[in-house]
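> Next comes the structure file work-v7.txt, holding compact mmCIF, C-alpha atoms.
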```
# COMPACT_ATOMS: atom_id res chain seq x y z
CA MET I 1 24.34 -60.15 7.84
CA GLY I 2 21.66 -60.72 5.21
CA ILE I 3 20.08 -57.30 4.83
CA GLU I 4 21.86 -54.44 6.48
CA ILE I 5 19.76 -51.38 7.15
CA ASP I 6 21.41 -48.62 9.13
CA ILE I 7 19.02 -46.29 10.89
CA VAL I 8 19.85 -43.34 13.13
CA VAL I 9 17.25 -42.60 15.77
CA GLY I 10 17.88 -38.99 16.84
CA HIS I 11 16.07 -38.43 20.08
CA PRO I 12 14.11 -41.65 20.41
CA ILE I 13 10.44 -40.89 20.40
CA ASN I 14 7.54 -43.27 20.08
CA ASP I 15 7.10 -42.93 16.30
CA GLU I 16 10.77 -43.38 15.40
CA VAL I 17 11.23 -46.44 17.59
CA GLU I 18 7.97 -47.99 16.39
CA ARG I 19 9.00 -47.52 12.73
CA VAL I 20 12.39 -49.17 13.34
CA LEU I 21 10.82 -52.11 15.20
CA GLY I 22 8.15 -52.48 12.54
CA LEU I 23 10.83 -52.56 9.84
CA ALA I 24 12.78 -55.29 11.64
CA GLU I 25 9.63 -57.37 12.10
CA THR I 26 8.58 -56.90 8.47
CA VAL I 27 11.90 -57.90 6.91
CA GLY I 28 12.60 -60.54 9.57
CA GLU I 29 16.25 -59.58 9.46
CA PRO I 30 18.54 -57.74 11.88
CA VAL I 31 18.52 -53.96 11.61
CA THR I 32 21.54 -51.92 12.70
CA VAL I 33 20.39 -48.92 14.72
CA THR I 34 22.33 -45.96 16.05
CA PHE I 35 20.57 -44.37 19.01
CA MET I 36 21.40 -40.76 19.82
CA TRP I 37 20.02 -40.80 23.37
CA GLU I 38 19.15 -37.42 24.80
CA GLY I 39 21.64 -36.36 27.48
CA ARG I 40 24.42 -38.73 26.35
CA ALA I 41 27.54 -37.60 24.53
CA GLU I 42 28.11 -40.87 22.63
CA ALA I 43 25.82 -42.63 20.22
CA GLU I 44 24.88 -46.23 20.99
CA ARG I 45 25.15 -48.60 18.01
CA VAL I 46 23.20 -51.83 18.35
CA VAL I 47 21.64 -54.52 16.20
CA LEU I 48 17.90 -55.00 16.55
CA VAL I 49 17.30 -58.72 16.06
CA PRO I 50 13.73 -60.05 15.74
CA ALA I 51 13.02 -62.60 18.47
CA ALA I 52 12.46 -65.50 16.04
CA THR I 53 15.75 -64.80 14.26
CA LEU I 54 17.63 -64.62 17.57
CA ALA I 55 16.05 -67.88 18.74
CA LEU I 56 17.21 -69.57 15.52
CA TRP I 57 20.76 -68.24 15.90
CA GLU I 58 20.96 -69.28 19.55
CA HIS I 59 19.60 -72.73 18.72
CA TRP I 60 22.30 -73.39 16.13
CA ALA I 61 25.24 -71.59 17.78
CA PRO I 62 27.25 -74.31 19.55
CA THR I 63 28.35 -72.12 22.46
CA ALA I 64 27.43 -68.87 24.14
CA TYR I 65 29.08 -65.59 23.16
CA PRO I 66 32.52 -65.54 24.83
CA THR I 67 32.97 -63.39 27.91
CA HIS I 68 35.53 -60.60 28.19
CA ASP I 69 39.06 -61.01 29.55
CA ALA I 70 39.52 -61.53 33.30
CA GLU I 71 40.67 -57.91 33.59
CA ASP I 72 37.41 -56.69 32.07
CA GLU I 73 35.42 -58.98 34.38
CA ASN I 74 37.15 -57.60 37.48
CA ARG I 75 36.47 -54.06 36.30
CA ALA I 76 32.84 -54.96 35.52
CA ALA I 77 32.38 -56.49 38.98
CA ALA I 78 33.66 -53.32 40.57
CA GLU I 79 31.36 -51.19 38.41
CA GLU I 80 28.14 -53.21 38.53
CA PRO I 81 25.63 -51.76 36.08
CA GLU I 82 22.94 -49.59 37.56
CA LEU I 83 19.39 -50.94 37.43
CA GLN I 84 17.43 -49.06 34.79
CA HIS I 85 13.69 -48.67 34.68
CA PRO I 86 11.92 -49.97 31.60
CA ALA I 87 11.68 -47.33 28.87
CA GLU I 88 8.39 -47.10 27.01
CA PHE I 89 8.11 -46.04 23.38
CA GLY I 90 4.48 -46.20 22.26
CA GLU I 91 3.40 -49.81 22.46
CA PHE I 92 6.99 -51.06 22.94
CA THR I 93 8.91 -51.35 26.22
CA PHE I 94 12.69 -51.73 26.47
CA TYR I 95 14.01 -53.88 29.32
CA ARG I 96 17.80 -53.48 29.64
CA ARG I 97 19.49 -56.44 31.33
CA ARG I 98 22.05 -55.71 34.01
CA VAL I 99 24.21 -58.60 32.87
CA GLY I 100 25.24 -59.15 29.26
CA GLY I 101 24.25 -55.75 27.91
CA ARG I 102 21.25 -56.95 25.94
CA THR I 103 17.94 -55.12 25.87
CA ALA I 104 14.69 -57.03 25.40
CA VAL I 105 12.00 -55.22 23.40
CA ALA I 106 8.46 -56.20 24.36
CA ARG I 107 5.07 -55.34 22.92
CA LYS I 108 2.02 -56.05 25.09
CA GLY I 109 4.12 -58.26 27.36
CA VAL I 110 5.67 -60.36 24.58
CA VAL I 111 9.34 -60.05 23.62
CA VAL I 112 9.46 -59.28 19.89
CA ALA I 113 13.15 -58.40 19.49
CA GLU I 114 16.41 -57.83 21.30
CA LEU I 115 19.05 -55.15 21.01
CA LEU I 116 22.51 -56.75 20.83
CA ASP I 117 26.03 -55.45 20.58
CA PRO I 118 26.98 -55.58 16.87
CA ASP I 119 29.93 -57.91 17.60
CA GLU I 120 27.73 -60.36 19.48
CA ALA I 121 25.07 -60.33 16.75
CA HIS I 122 27.68 -60.99 14.06
CA TRP I 123 29.32 -63.75 16.13
CA LEU I 124 25.99 -65.51 16.77
CA GLN I 125 24.97 -65.33 13.13
CA GLU I 126 28.32 -66.69 11.95
CA LYS I 127 28.39 -69.56 14.47
CA ALA I 128 24.81 -70.55 13.64
CA ARG I 129 25.56 -70.48 9.91
CA ASP I 130 28.72 -72.55 10.32
CA VAL I 131 26.89 -75.27 12.28
CA ARG I 132 23.94 -75.42 9.86
CA GLN I 133 26.30 -75.83 6.90
```
Show me the file's structure as structure tokens.

Amino acid sequence: MGIEIDIVVGHPINDEVERVLGLAETVGEPVTVTFMWEGRAEAERVVLVPAATLALWEHWAPTAYPTHDAEDENRAAAEEPELQHPAEFGEFTFYRRRVGGRTAVARKGVVVAELLDPDEAHWLQEKARDVRQ
């Protein structure tokens, strides 16, 4: 990815999350973030992609990100993700999707970025680049 900035957000609080989102918006590039959510044993590594960048990638990518193997799908169907309430961090709200694992990040009702799995973000960027070239 163009600029790679790796940020660890310890116990996500309003200021930390706002700084990370502001950075992604300012540089207009994806930012790799490692969230250390309170109460969870494992860190969550995601790529924060500004909405305009994601729209460009999805426009140029010829297909959607491939789904998991049939075995994974059967397991996922049996363990349907639990509905999560939106999480607010200052002026930003995270809306985690039940399907696909993405999280939309909105400010004042407008989606400004999305949190993607690093593999999906890399795949989308590569496919979009290949088609544009």
> Name the residues in contact with stretch 43-60 of chain I at a cut-off of 6 Å, using only C-alpha atoms, excluding same-chain residues fewer than 2 positions from it; report them as a ChimeraX atom specification.
/I:30-36,112-118,124-125,128
> Hey, can you spit out that residue selection with C-alpha atoms as a PDB file, keeping the file's coordinate frame?

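Everything below was put into out09.pdb:
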```pdb
ATOM      1  CA  PRO I  30      18.540 -57.740  11.880  1.00  0.00           C
ATOM      2  CA  VAL I  31      18.520 -53.960  11.610  1.00  0.00           C
ATOM      3  CA  THR I  32      21.540 -51.920  12.700  1.00  0.00           C
ATOM      4  CA  VAL I  33      20.390 -48.920  14.720  1.00  0.00           C
ATOM      5  CA  THR I  34      22.330 -45.960  16.050  1.00  0.00           C
ATOM      6  CA  PHE I  35      20.570 -44.370  19.010  1.00  0.00           C
ATOM      7  CA  MET I  36      21.400 -40.760  19.820  1.00  0.00           C
ATOM      8  CA  VAL I 112       9.460 -59.280  19.890  1.00  0.00           C
ATOM      9  CA  ALA I 113      13.150 -58.400  19.490  1.00  0.00           C
ATOM     10  CA  GLU I 114      16.410 -57.830  21.300  1.00  0.00           C
ATOM     11  CA  LEU I 115      19.050 -55.150  21.010  1.00  0.00           C
ATOM     12  CA  LEU I 116      22.510 -56.750  20.830  1.00  0.00           C
ATOM     13  CA  ASP I 117      26.030 -55.450  20.580  1.00  0.00           C
ATOM     14  CA  PRO I 118      26.980 -55.580  16.870  1.00  0.00           C
ATOM     15  CA  LEU I 124      25.990 -65.510  16.770  1.00  0.00           C
ATOM     16  CA  GLN I 125      24.970 -65.330  13.130  1.00  0.00           C
ATOM     17  CA  ALA I 128      24.810 -70.550  13.640  1.00  0.00           C
TER      18      ALA I 128
END
```
> Write out as a PDB file with C-alpha atoms, in the coordinates of the input the residues lying within 8 Å of I:Trp123, counting all atoms listed in the file and excluding same-chain residues fewer than 4 positions away.

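Output file selection_2.pdb is given in full below:
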```pdb
ATOM      1  CA  TYR I  65      29.080 -65.590  23.160  1.00  0.00           C
ATOM      2  CA  ASP I 119      29.930 -57.910  17.600  1.00  0.00           C
ATOM      3  CA  LYS I 127      28.390 -69.560  14.470  1.00  0.00           C
TER       4      LYS I 127
END
```
> How many Å lie between atom CA of I:Val27 and atom CA of I:Arg132, rounded to one decimal?
21.5 Å
> Quick check, in Å to one decimal: how far apart do atom CA of I:Thr63 and atom CA of I:Phe94 lie?
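Between these atoms lies a distance of 26.0 Å.
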> So, counting all atoms listed in the file, which residue among I:Thr93, I:Ala61, I:Val110, I:Val17 is closest to I:Glu126?
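Selected residue with least distance to I:Glu126: I:Ala61.
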> So for stretch 109-127 of chain I, what box centre and size do we get, axis-aligned, 3 Å extra on each of the six sides, every listed atom, Å to one decimal, as JSON?

```
{"center_x": 17.0, "center_y": -62.4, "center_z": 19.7, "size_x": 31.8, "size_y": 20.4, "size_z": 21.4}
```
> Distance atom CA of I:Glu18-atom CA of I:Glu91, one decimal place?
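That distance, rounded to one decimal, is 7.8 Å.
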> Would you pick out the contacts of I:Asp15 at 10 Å or less, using all atoms listed in the file, so that residues sharing its chain but fewer than 6 positions from it are not included, and give the list as a VMD selection string?
chain I and resid 21 89 to 91
